[in-house]
file run38.txt (compact mmCIF, C-alpha atoms)
# COMPACT_ATOMS: atom_id res chain seq x y z
CA MET A 1 23.57 18.68 -174.09
CA THR A 2 24.49 15.10 -174.95
CA ASP A 3 22.20 12.16 -174.26
CA HIS A 4 24.72 11.05 -171.65
CA GLU A 5 24.48 14.38 -169.82
CA ALA A 6 20.71 14.45 -170.12
CA ARG A 7 20.50 11.15 -168.28
CA GLY A 8 22.44 12.67 -165.40
CA ASP A 9 25.49 10.43 -165.92
CA ALA A 10 23.52 7.48 -164.57
CA LEU A 11 25.96 5.08 -166.20
CA ALA A 12 28.89 6.37 -164.24
CA PRO A 13 28.15 7.94 -160.87
CA GLN A 14 31.16 9.59 -159.29
CA GLU A 15 32.61 7.51 -156.52
CA ASN A 16 32.07 9.44 -153.36
CA PRO A 17 35.34 9.16 -151.46
CA GLU A 18 33.51 8.48 -148.22
CA ALA A 19 31.92 5.35 -149.69
CA ALA A 20 34.79 3.95 -151.70
CA GLY A 21 34.30 0.31 -150.76
CA PRO A 22 34.50 -2.14 -147.90
CA GLU A 23 38.30 -1.93 -147.82
CA ASP A 24 38.00 1.75 -146.96
CA ARG A 25 38.14 2.62 -143.27
CA ARG A 26 35.48 5.27 -143.93
CA GLU A 27 32.93 2.77 -145.12
CA ASP A 28 30.60 1.11 -142.66
CA PRO A 29 29.90 -2.34 -144.14
CA GLY A 30 27.58 -3.18 -141.30
CA ALA A 31 25.25 -0.34 -142.29
CA ALA A 32 25.39 -0.78 -146.05
CA GLY A 33 22.16 -2.74 -146.48
CA PRO A 34 18.50 -2.31 -145.60
CA GLY A 35 17.66 -2.06 -141.96
CA GLY A 36 15.30 -5.01 -142.10
CA GLY A 37 12.26 -3.45 -140.49
CA GLY A 38 11.66 -0.89 -137.78
CA GLU A 39 13.28 2.52 -137.96
CA PRO A 40 15.77 2.94 -140.80
CA ASP A 41 19.39 3.15 -139.73
CA GLU A 42 21.62 6.08 -140.63
CA GLN A 43 22.97 4.49 -143.81
CA ASP A 44 19.43 3.72 -145.03
CA ARG A 45 18.49 7.34 -144.38
CA ARG A 46 21.60 8.56 -146.16
CA ILE A 47 20.92 6.50 -149.27
CA ALA A 48 17.26 7.55 -149.33
CA ALA A 49 18.24 11.20 -148.93
CA ALA A 50 20.77 10.94 -151.76
CA ARG A 51 18.23 9.36 -154.08
CA GLY A 52 15.64 11.95 -153.21
CA ALA A 53 17.91 14.99 -153.45
CA ARG A 54 17.33 17.41 -156.30
CA ARG A 55 20.64 19.21 -155.82
CA VAL A 56 23.95 17.44 -155.21
CA LEU A 57 27.60 18.29 -155.77
CA CYS A 58 28.21 14.82 -157.19
CA ARG A 59 26.03 11.88 -158.12
CA LEU A 60 26.64 9.14 -155.58
CA PRO A 61 26.72 5.43 -156.49
CA ALA A 62 24.14 4.79 -153.79
CA ALA A 63 21.75 7.14 -155.55
CA VAL A 64 21.76 5.16 -158.82
CA SER A 65 19.59 2.07 -159.16
CA LEU A 66 20.74 -1.12 -160.83
CA GLY A 67 18.17 -0.58 -163.55
CA GLU A 68 19.51 2.87 -164.32
CA ARG A 69 23.05 1.59 -164.63
CA LEU A 70 22.08 -1.28 -166.89
CA SER A 71 19.93 0.94 -169.10
CA ALA A 72 22.62 3.58 -169.45
CA LEU A 73 25.30 1.03 -170.26
CA ALA A 74 23.14 -0.59 -172.92
CA ALA A 75 22.22 2.78 -174.41
CA ASP A 76 25.80 4.08 -174.68
CA ALA A 77 27.85 0.94 -175.34
CA ALA A 78 27.63 1.33 -179.12
CA ASP A 79 29.59 4.60 -178.78
CA VAL A 80 32.74 2.71 -177.81
CA ALA A 81 32.40 -0.83 -179.20
CA ASP A 82 31.04 -2.84 -182.09
CA LEU A 83 28.05 -4.54 -180.54
CA GLU A 84 27.77 -6.95 -183.46
CA GLY A 85 31.16 -8.42 -182.62
CA PRO A 86 31.76 -11.27 -180.17
CA ALA A 87 31.99 -10.71 -176.44
CA ASP A 88 35.40 -10.87 -174.82
CA MET A 89 36.95 -14.08 -173.58
CA TYR A 90 39.86 -14.05 -171.14
CA GLY A 91 40.92 -10.50 -171.92
CA ASP A 92 40.51 -10.15 -175.67
CA GLY A 93 38.00 -8.03 -177.59
CA VAL A 94 36.76 -4.95 -175.77
CA VAL A 95 39.13 -5.60 -172.84
CA ALA A 96 42.13 -5.54 -175.17
CA ASP A 97 40.76 -2.36 -176.77
CA LEU A 98 40.62 -0.76 -173.33
CA GLU A 99 44.20 -1.79 -172.59
CA ASP A 100 45.41 -0.27 -175.86
CA GLU A 101 43.62 2.98 -175.14
CA VAL A 102 45.07 3.28 -171.62
CA ALA A 103 48.59 2.62 -172.92
CA ARG A 104 48.10 5.30 -175.56
CA LEU A 105 46.74 7.89 -173.13
CA LEU A 106 49.55 7.30 -170.63
CA GLY A 107 52.31 7.06 -173.23
CA LYS A 108 53.34 3.55 -172.15
CA GLU A 109 54.29 0.54 -174.25
CA ALA A 110 51.48 -1.62 -172.90
CA ALA A 111 48.76 -1.92 -170.30
CA ALA A 112 46.95 -4.81 -168.60
CA PHE A 113 43.41 -4.78 -167.25
CA PHE A 114 42.89 -5.86 -163.62
CA PRO A 115 39.65 -6.39 -161.71
CA THR A 116 40.92 -4.27 -158.79
CA GLY A 117 43.61 -1.73 -158.10
CA THR A 118 44.69 -3.69 -155.02
CA MET A 119 45.64 -6.60 -157.26
CA ALA A 120 47.21 -4.40 -159.94
CA GLN A 121 49.54 -2.70 -157.49
CA GLN A 122 50.51 -5.88 -155.70
CA VAL A 123 51.48 -7.40 -159.02
CA ALA A 124 53.38 -4.32 -160.18
CA LEU A 125 55.37 -4.00 -156.96
CA ARG A 126 56.03 -7.73 -156.84
CA CYS A 127 57.38 -7.66 -160.39
CA TRP A 128 59.64 -4.71 -159.64
CA ALA A 129 60.94 -6.41 -156.50
CA GLY A 130 62.01 -9.39 -158.58
CA ARG A 131 63.72 -7.16 -161.13
CA THR A 132 65.52 -4.91 -158.64
CA GLY A 133 66.38 -7.67 -156.19
CA ASN A 134 64.98 -5.58 -153.35
CA ALA A 135 61.56 -6.38 -151.83
CA THR A 136 61.30 -3.10 -149.89
CA VAL A 137 58.78 -0.57 -151.19
CA ALA A 138 59.13 3.02 -150.00
CA LEU A 139 55.73 4.70 -149.71
CA HIS A 140 53.71 7.02 -147.52
CA PRO A 141 52.21 5.45 -144.36
CA ARG A 142 48.83 6.93 -145.30
CA SER A 143 48.88 5.64 -148.87
CA HIS A 144 46.20 3.21 -150.02
CA PRO A 145 48.16 -0.06 -149.59
CA GLU A 146 49.03 0.85 -146.01
CA VAL A 147 45.56 2.01 -144.95
CA HIS A 148 42.98 0.12 -147.00
CA GLU A 149 44.39 -3.22 -148.13
CA ARG A 150 44.79 -5.27 -144.92
CA ASP A 151 48.59 -5.46 -145.27
CA ALA A 152 48.26 -7.27 -148.60
CA LEU A 153 51.70 -6.22 -149.82
CA VAL A 154 53.29 -7.99 -146.86
CA THR A 155 50.95 -10.91 -146.19
CA VAL A 156 50.11 -11.88 -149.78
CA SER A 157 52.99 -10.64 -151.90
CA GLY A 158 55.87 -11.01 -149.46
CA LEU A 159 57.01 -7.42 -149.78
CA ARG A 160 58.20 -5.04 -147.09
CA THR A 161 57.18 -1.40 -146.75
CA ALA A 162 59.18 1.55 -145.43
CA HIS A 163 58.22 5.19 -144.92
CA PRO A 164 60.55 8.04 -145.90
CA THR A 165 58.19 10.44 -144.09
CA ASP A 166 55.09 10.35 -141.93
CA ALA A 167 54.22 14.03 -142.47
CA PRO A 168 50.66 14.54 -143.81
CA ARG A 169 51.89 15.44 -147.31
CA PRO A 170 53.75 13.81 -150.20
CA PRO A 171 57.43 13.00 -149.52
CA THR A 172 60.12 15.49 -150.52
CA ALA A 173 63.20 14.81 -152.63
CA ASP A 174 65.46 15.19 -149.59
CA GLU A 175 63.41 12.68 -147.60
CA VAL A 176 63.69 10.15 -150.41
CA ARG A 177 67.37 10.85 -151.08
CA ASP A 178 68.39 10.76 -147.39
CA PHE A 179 66.19 7.87 -146.26
CA GLU A 180 68.37 5.55 -144.20
CA GLU A 181 67.09 2.27 -145.65
CA PRO A 182 67.65 0.88 -149.15
CA PHE A 183 64.53 0.26 -151.24
CA GLY A 184 63.88 -1.15 -154.68
CA THR A 185 60.74 0.80 -155.57
CA LEU A 186 59.36 4.20 -154.63
CA MET A 187 55.56 4.26 -154.79
CA LEU A 188 53.93 7.68 -155.02
CA GLU A 189 50.16 8.08 -154.64
CA LEU A 190 48.95 10.89 -156.90
CA PRO A 191 47.02 12.52 -155.35
CA LEU A 192 47.66 11.42 -151.76
CA ARG A 193 44.07 11.02 -150.66
CA GLU A 194 44.11 10.58 -146.90
CA PRO A 195 45.68 13.95 -145.96
CA GLY A 196 43.44 15.81 -148.42
CA PHE A 197 43.96 14.71 -152.05
CA LEU A 198 47.36 16.39 -152.06
CA LEU A 199 49.78 16.77 -154.96
CA PRO A 200 53.33 18.11 -155.09
CA THR A 201 54.19 20.80 -157.61
CA TRP A 202 55.50 19.64 -160.97
CA ASP A 203 59.05 20.62 -160.02
CA GLU A 204 58.73 18.81 -156.68
CA LEU A 205 57.48 15.66 -158.41
CA GLN A 206 60.37 15.70 -160.85
CA GLU A 207 62.83 16.16 -157.99
CA VAL A 208 61.36 13.27 -155.98
CA VAL A 209 61.55 10.97 -158.99
CA ALA A 210 65.14 12.05 -159.64
CA ALA A 211 66.04 11.35 -156.00
CA ALA A 212 64.70 7.79 -156.33
CA ARG A 213 66.68 7.31 -159.54
CA GLU A 214 69.84 8.43 -157.74
CA ARG A 215 69.28 5.49 -155.41
CA ASP A 216 68.84 3.08 -158.34
CA ALA A 217 65.18 2.60 -157.42
CA VAL A 218 62.30 2.32 -159.85
CA VAL A 219 59.26 4.58 -159.51
CA HIS A 220 55.65 3.40 -159.51
CA PHE A 221 52.68 5.79 -159.46
CA ASP A 222 49.52 4.84 -157.59
CA GLY A 223 47.42 6.83 -160.01
CA ALA A 224 43.96 5.69 -158.96
CA ARG A 225 42.98 9.35 -159.39
CA LEU A 226 45.73 10.33 -161.80
CA TRP A 227 43.18 11.31 -164.42
CA GLU A 228 42.32 14.59 -162.66
CA CYS A 229 45.92 15.60 -161.88
CA ALA A 230 46.70 17.23 -165.23
CA PRO A 231 45.23 20.67 -164.38
CA HIS A 232 47.33 20.96 -161.20
CA PHE A 233 50.56 19.97 -162.92
CA GLY A 234 49.80 21.84 -166.14
CA ARG A 235 51.04 18.83 -168.09
CA PRO A 236 49.31 16.19 -170.25
CA LEU A 237 48.72 12.73 -168.85
CA ASP A 238 51.44 11.05 -170.89
CA GLU A 239 54.04 13.52 -169.64
CA ILE A 240 53.01 12.96 -166.02
CA ALA A 241 52.97 9.18 -166.41
CA GLY A 242 56.27 9.39 -168.28
CA LEU A 243 58.06 10.21 -165.03
CA ALA A 244 57.29 6.74 -163.64
CA ASP A 245 58.38 3.28 -164.68
CA SER A 246 54.84 1.99 -164.16
CA VAL A 247 51.44 3.49 -163.39
CA TYR A 248 48.22 2.05 -162.00
CA VAL A 249 44.95 3.82 -162.85
CA SER A 250 41.40 3.20 -161.68
CA PHE A 251 38.29 3.20 -163.83
CA TYR A 252 35.64 3.65 -161.13
CA LYS A 253 36.93 6.65 -159.20
CA SER A 254 37.48 9.73 -161.36
CA LEU A 255 36.14 8.05 -164.51
CA GLU A 256 32.92 6.87 -162.83
CA GLY A 257 33.03 3.36 -164.26
CA VAL A 258 31.66 0.15 -162.80
CA ALA A 259 34.97 -1.15 -161.45
CA GLY A 260 38.41 -2.21 -162.63
CA ALA A 261 41.91 -0.89 -163.06
CA ALA A 262 44.89 -1.03 -165.38
CA LEU A 263 48.63 -1.32 -164.97
CA ALA A 264 50.69 0.45 -167.64
CA GLY A 265 54.40 0.28 -168.25
CA PRO A 266 57.10 -1.42 -170.33
CA GLN A 267 55.95 -4.32 -172.52
CA THR A 268 58.09 -6.85 -170.66
CA LEU A 269 56.73 -5.76 -167.26
CA VAL A 270 53.14 -5.93 -168.48
CA GLU A 271 53.68 -9.41 -169.92
CA GLU A 272 55.01 -10.58 -166.55
CA ALA A 273 52.11 -8.83 -164.81
CA ARG A 274 49.64 -10.79 -166.94
CA ALA A 275 51.16 -14.04 -165.67
CA TRP A 276 50.84 -12.91 -162.06
CA ARG A 277 47.33 -11.64 -162.71
CA HIS A 278 46.39 -15.18 -163.70
CA ARG A 279 48.03 -16.60 -160.56
CA TYR A 280 46.19 -14.08 -158.37
CA GLY A 281 42.86 -15.07 -159.90
CA GLY A 282 42.37 -11.86 -161.86
CA LEU A 283 41.89 -13.28 -165.37
CA GLY A 284 38.13 -13.21 -165.75
CA PHE A 285 36.29 -15.22 -168.37
CA GLN A 286 34.22 -12.24 -169.53
CA GLN A 287 34.61 -8.66 -168.34
CA PHE A 288 32.82 -6.65 -171.02
CA PRO A 289 30.46 -4.65 -168.72
CA THR A 290 33.40 -3.29 -166.74
CA ALA A 291 35.49 -2.67 -169.87
CA LEU A 292 32.64 -0.91 -171.66
CA SER A 293 31.96 1.36 -168.70
CA ALA A 294 35.68 2.18 -168.50
CA LEU A 295 35.83 3.07 -172.19
CA LEU A 296 32.76 5.27 -171.72
CA GLY A 297 34.47 6.97 -168.80
CA LEU A 298 37.52 7.70 -170.95
CA ARG A 299 35.27 9.04 -173.70
CA ASN A 300 32.70 11.00 -171.70
CA VAL A 301 34.19 11.88 -168.32
CA LEU A 302 37.93 12.30 -168.88
CA PRO A 303 37.49 15.41 -171.08
CA ARG A 304 35.33 17.03 -168.37
CA LEU A 305 37.73 16.56 -165.46
CA PRO A 306 39.52 19.91 -165.94
CA GLU A 307 36.11 21.59 -165.66
CA TYR A 308 35.38 19.66 -162.47
CA VAL A 309 38.71 20.69 -160.97
CA ALA A 310 38.16 24.34 -161.82
CA HIS A 311 34.67 24.38 -160.34
CA ALA A 312 35.80 22.54 -157.21
CA ARG A 313 37.90 25.61 -156.46
CA VAL A 314 34.81 27.81 -156.77
CA VAL A 315 32.88 25.53 -154.43
CA ALA A 316 35.76 25.34 -151.94
CA ASP A 317 36.13 29.13 -151.82
CA ALA A 318 32.41 29.57 -151.25
CA LEU A 319 32.38 26.92 -148.53
CA ARG A 320 35.27 28.59 -146.72
CA GLU A 321 33.72 32.06 -146.94
CA ALA A 322 30.33 30.84 -145.78
CA LEU A 323 31.72 28.85 -142.86
CA GLU A 324 33.93 31.75 -141.75
CA ALA A 325 30.91 34.04 -141.79
CA SER A 326 28.73 31.56 -139.90
CA ALA A 327 28.28 30.77 -136.23
CA VAL A 328 30.64 27.77 -136.25
CA PRO A 329 33.63 28.45 -133.97
CA TRP A 330 36.24 27.16 -136.43
CA ALA A 331 36.41 25.62 -139.89
CA ARG A 332 38.99 24.53 -142.40
CA VAL A 333 38.80 23.77 -146.11
CA HIS A 334 41.87 21.76 -147.13
CA PRO A 335 43.82 22.22 -149.33
CA GLU A 336 43.29 25.79 -150.47
CA PRO A 337 42.82 25.78 -153.38
CA PRO A 338 41.96 22.11 -154.02
CA HIS A 339 44.56 20.25 -156.08
CA THR A 340 41.90 18.10 -157.77
CA HIS A 341 38.08 18.04 -157.83
CA GLN A 342 38.08 16.56 -154.30
CA PHE A 343 39.00 18.19 -151.00
CA GLN A 344 38.34 18.07 -147.26
CA VAL A 345 36.28 20.16 -144.85
CA TRP A 346 37.00 20.12 -141.10
CA LEU A 347 34.63 21.23 -138.33
CA PRO A 348 34.89 21.09 -134.49
CA TYR A 349 31.83 18.93 -133.84
CA PRO A 350 31.35 15.20 -133.24
CA PRO A 351 30.52 13.31 -136.45
CA GLU A 352 27.10 12.24 -135.23
CA VAL A 353 26.07 15.89 -134.84
CA LEU A 354 27.27 16.81 -138.32
CA ASN A 355 25.78 13.71 -139.93
CA GLU A 356 22.37 14.42 -138.42
CA ALA A 357 22.50 18.01 -139.67
CA ALA A 358 23.51 16.87 -143.17
CA LEU A 359 20.76 14.26 -143.29
CA ALA A 360 18.09 16.61 -141.98
CA GLN A 361 19.07 19.21 -144.56
CA ALA A 362 18.88 16.70 -147.41
CA GLU A 363 15.55 15.30 -146.26
CA GLU A 364 13.94 18.68 -145.65
CA THR A 365 15.38 20.81 -148.48
CA LYS A 366 16.34 18.13 -151.06
CA THR A 367 19.84 19.61 -151.12
CA LEU A 368 22.66 17.22 -150.25
CA LEU A 369 25.71 19.29 -149.31
CA PHE A 370 27.78 16.79 -147.29
CA TRP A 371 27.63 13.01 -147.60
CA ARG A 372 29.23 11.72 -144.41
CA TRP A 373 31.41 13.02 -141.58
CA PHE A 374 34.06 11.06 -139.68
CA ALA A 375 36.02 11.54 -136.49
CA ASP A 376 39.64 12.30 -137.26
CA GLY A 377 42.32 13.91 -135.14
CA PRO A 378 41.58 15.21 -131.62
CA PRO A 379 38.22 14.38 -129.98
CA GLY A 380 35.42 16.58 -131.21
CA LEU A 381 37.00 17.21 -134.61
CA SER A 382 35.43 15.76 -137.76
CA VAL A 383 36.28 15.67 -141.44
CA THR A 384 34.31 15.12 -144.62
CA GLU A 385 35.39 14.81 -148.23
CA VAL A 386 33.73 16.87 -150.94
CA THR A 387 33.66 15.80 -154.60
CA VAL A 388 32.53 18.09 -157.41
CA ASN A 389 31.56 16.57 -160.75
CA GLY A 390 28.79 16.92 -163.33
CA PRO A 391 25.83 17.90 -161.11
CA GLY A 392 28.04 20.23 -159.08
CA LEU A 393 28.76 22.41 -162.10
CA ALA A 394 25.27 23.88 -161.74
CA TRP A 395 26.07 25.28 -158.29
CA THR A 396 27.02 28.94 -158.09
CA ALA A 397 29.00 30.37 -155.21
CA ASP A 398 25.76 31.82 -153.85
CA ASP A 399 24.12 28.38 -154.03
CA VAL A 400 26.94 26.96 -151.95
CA LYS A 401 26.69 29.73 -149.37
CA GLU A 402 22.92 29.28 -149.10
CA ALA A 403 23.37 25.53 -148.55
CA VAL A 404 26.03 26.15 -145.90
CA ALA A 405 23.68 28.50 -144.05
CA GLU A 406 20.96 25.84 -144.08
CA PHE A 407 23.45 23.25 -142.79
CA VAL A 408 24.82 25.45 -140.00
CA ARG A 409 21.27 26.37 -138.94
CA ARG A 410 20.76 22.71 -138.01
CA LEU A 411 23.81 22.52 -135.78
CA PRO A 412 23.33 22.85 -132.01
call {"tool": "encode", "arguments": {"input": "run38.txt", "output": "structure tokens"}}
result
Amino acid sequence: MTDHEARGDALAPQENPEAAGPEDRREDPGAAGPGGGGEPDEQDRRIAAARGARRVLCRLPAAVSLGERLSALAADAADVADLEGPADMYGDGVVADLEDEVARLLGKEAAAFFPTGTMAQQVALRCWAGRTGNATVALHPRSHPEVHERDALVTVSGLRTAHPTDAPRPPTADEVRDFEEPFGTLMLELPLREPGFLLPTWDELQEVVAAARERDAVVHFDGARLWECAPHFGRPLDEIAGLADSVYVSFYKSLEGVAGAALAGPQTLVEEARAWRHRYGGLGFQQFPTALSALLGLRNVLPRLPEYVAHARVVADALREALEASAVPWARVHPEPPHTHQFQVWLPYPPEVLNEAALAQAEETKTLLFWRWFADGPPGLSVTEVTVNGPGLAWTADDVKEAVAEFVRRLP
């Protein structure tokens, strides 16, 4: 066991998809802080339960203290950088090292660091619009820019979005090829999170890209979670990224870093993106904590993602079997099998009922099975997202079934 593993990956807790940030419709910013006296609110209870749990499927950011993160970063930074060298200034030093490593991993000519993925994608799509002469971006209506970015592509960057399909899955080649409107860029989110972290097959992805090329459009991958897609496609990262003209990747989702993103693509595009990054206010004076945590994620977490994906399938199977054998009237694990190390679970109960059961289980048994449930679809139907990473590898199928039984026992 490495020192990093022994510390429980405190440096880089896996982003729980239900608490991805204030731009996420599933986050409750109003309940993110302390209750300020009296009875603790639900979010306070949830954070306390996560910190007190002895068994979790993934380590949540809320369960890691600031001191733990700082200590872990200081302890591991020497593994990825020369600590006797100067700190970065305006994107040199360790930030430039990170950019070079991302470009190498994705097989692209260059990469540029961005403080957020929202900014990285706006810049990428804006640059492509200028080069193609068409400001329309074809993308899924449930992709991140359409759901979580307050219409930034339209209101900030002056772009227009169009939807080749509204089906709860990635678009098909025929839908792209036959779409009635011209577009300059096709943006594909890999995986498509909102409908269940869904991916096309490798052949389907190639066909969709080819259909866009037939229309003289460029292809951009929203690869916030691209890092864990390789097992599903059975291809290395550079081959997957090689299908697209540009790729955005996140450092704090799959890789468990502090924050940050990168845009990778042709050298000329990246140079233009750096200029727009400056205009958008994304050229930070010093960014070494974020860059160091990203490099540590590439070093320590990226090699483990195939193991996470494989074990997520074990967990998903056990969840499905246990729920089918339980007293709940109906349940769905989606997709089957999971395409990445994240997937959805659906149950026919109001979210407040399921959240109370999950919290009570965590408080009483110190086992946190589900983080947070949300209403989605018809009334009375709720969904949660399950992530499996380092701590989840210790769960056997029987452990999952036992935890499900304890959860269901607390339902009315």
call {"tool": "atom_distance", "arguments": {"input": "run38.txt", "atom1": "CA of Leu153 (chain A)", "atom2": "CA of Trp128 (chain A)"}}
result
12.7 Å
call {"tool": "residues_around", "arguments": {"input": "run38.txt", "residues": "Trp330 (chain A)", "least_positions_apart": "4", "cutoff": "12 Å", "atoms": "only C-alpha atoms", "output": "JSON, numbers by chain"}}
result
{"A": [320, 321, 322, 323, 324, 325, 326, 345, 346, 347, 348, 349, 380, 381, 382]}
call {"tool": "atom_distance", "arguments": {"input": "run38.txt", "atom1": "CA of Phe221 (chain A)", "atom2": "CA of Thr118 (chain A)"}}
result
13.2 Å
call {"tool": "atom_distance", "arguments": {"input": "run38.txt", "atom1": "CA of Gly93 (chain A)", "atom2": "CA of Phe288 (chain A)"}}
result
8.5 Å
call {"tool": "residues_around", "arguments": {"input": "run38.txt", "residues": "region 110-112 of chain A", "least_positions_apart": "5", "cutoff": "7 Å", "atoms": "all atoms listed in the file", "output": "list of chain:residue names"}}
result
A:Glu99, A:Asp100, A:Val102, A:Ala103, A:Ala262, A:Leu263, A:Ala264, A:Gly265, A:Pro266, A:Gln267, A:Val270, A:Arg274
call {"tool": "closest_residue", "arguments": {"input": "run38.txt", "among": "A:Trp227, A:Gly91, A:Leu190, A:Ala241", "to": "Gly107 (chain A)", "atoms": "all atoms listed in the file"}}
result
A:Ala241
call {"tool": "closest_residue", "arguments": {"input": "run38.txt", "among": "A:Glu363, A:Glu352, A:Glu239, A:Asp79", "to": "Ala48 (chain A)", "atoms": "all atoms listed in the file"}}
result
A:Glu363
call {"tool": "residues_around", "arguments": {"input": "run38.txt", "residues": "Leu354 (chain A)", "least_positions_apart": "4", "cutoff": "12 Å", "atoms": "all atoms listed in the file", "output": "compact mmCIF listing (two decimals) with C-alpha atoms, in the frame of the given file"}}
result
# COMPACT_ATOMS: atom_id res chain seq x y z
CA VAL A 328 30.64 27.77 -136.25
CA VAL A 345 36.28 20.16 -144.85
CA TRP A 346 37.00 20.12 -141.10
CA LEU A 347 34.63 21.23 -138.33
CA PRO A 348 34.89 21.09 -134.49
CA TYR A 349 31.83 18.93 -133.84
CA PRO A 350 31.35 15.20 -133.24
CA ALA A 358 23.51 16.87 -143.17
CA LEU A 359 20.76 14.26 -143.29
CA ALA A 360 18.09 16.61 -141.98
CA GLN A 361 19.07 19.21 -144.56
CA LEU A 369 25.71 19.29 -149.31
CA PHE A 370 27.78 16.79 -147.29
CA TRP A 371 27.63 13.01 -147.60
CA ARG A 372 29.23 11.72 -144.41
CA TRP A 373 31.41 13.02 -141.58
CA PHE A 374 34.06 11.06 -139.68
CA ALA A 375 36.02 11.54 -136.49
CA GLY A 380 35.42 16.58 -131.21
CA LEU A 381 37.00 17.21 -134.61
CA SER A 382 35.43 15.76 -137.76
CA VAL A 383 36.28 15.67 -141.44
CA THR A 384 34.31 15.12 -144.62
CA PHE A 407 23.45 23.25 -142.79
CA VAL A 408 24.82 25.45 -140.00
CA ARG A 409 21.27 26.37 -138.94
CA ARG A 410 20.76 22.71 -138.01
CA LEU A 411 23.81 22.52 -135.78
CA PRO A 412 23.33 22.85 -132.01
call {"tool": "residues_around", "arguments": {"input": "run38.txt", "residues": "region 157-161 of chain A", "least_positions_apart": "3", "cutoff": "8 Å", "atoms": "all atoms listed in the file", "output": "list in words"}}
result
Gln122, Val123, Arg126, Ala129, Ala135, Thr136, Val137, Ala138, Leu139, Ala152, Leu153 and Val154 of chain A
call {"tool": "closest_residue", "arguments": {"input": "run38.txt", "among": "A:Ala261, A:Leu296, A:Leu393, A:Val309", "to": "Asp76 (chain A)", "atoms": "all atoms listed in the file"}}
result
A:Leu296
call {"tool": "closest_residue", "arguments": {"input": "run38.txt", "among": "A:Arg299, A:Arg332, A:Lys366, A:Arg150", "to": "Glu101 (chain A)", "atoms": "all atoms listed in the file"}}
result
A:Arg299
call {"tool": "closest_residue", "arguments": {"input": "run38.txt", "among": "A:Thr201, A:Asn355, A:Gln287, A:Thr268", "to": "Phe114 (chain A)", "atoms": "all atoms listed in the file"}}
result
A:Gln287
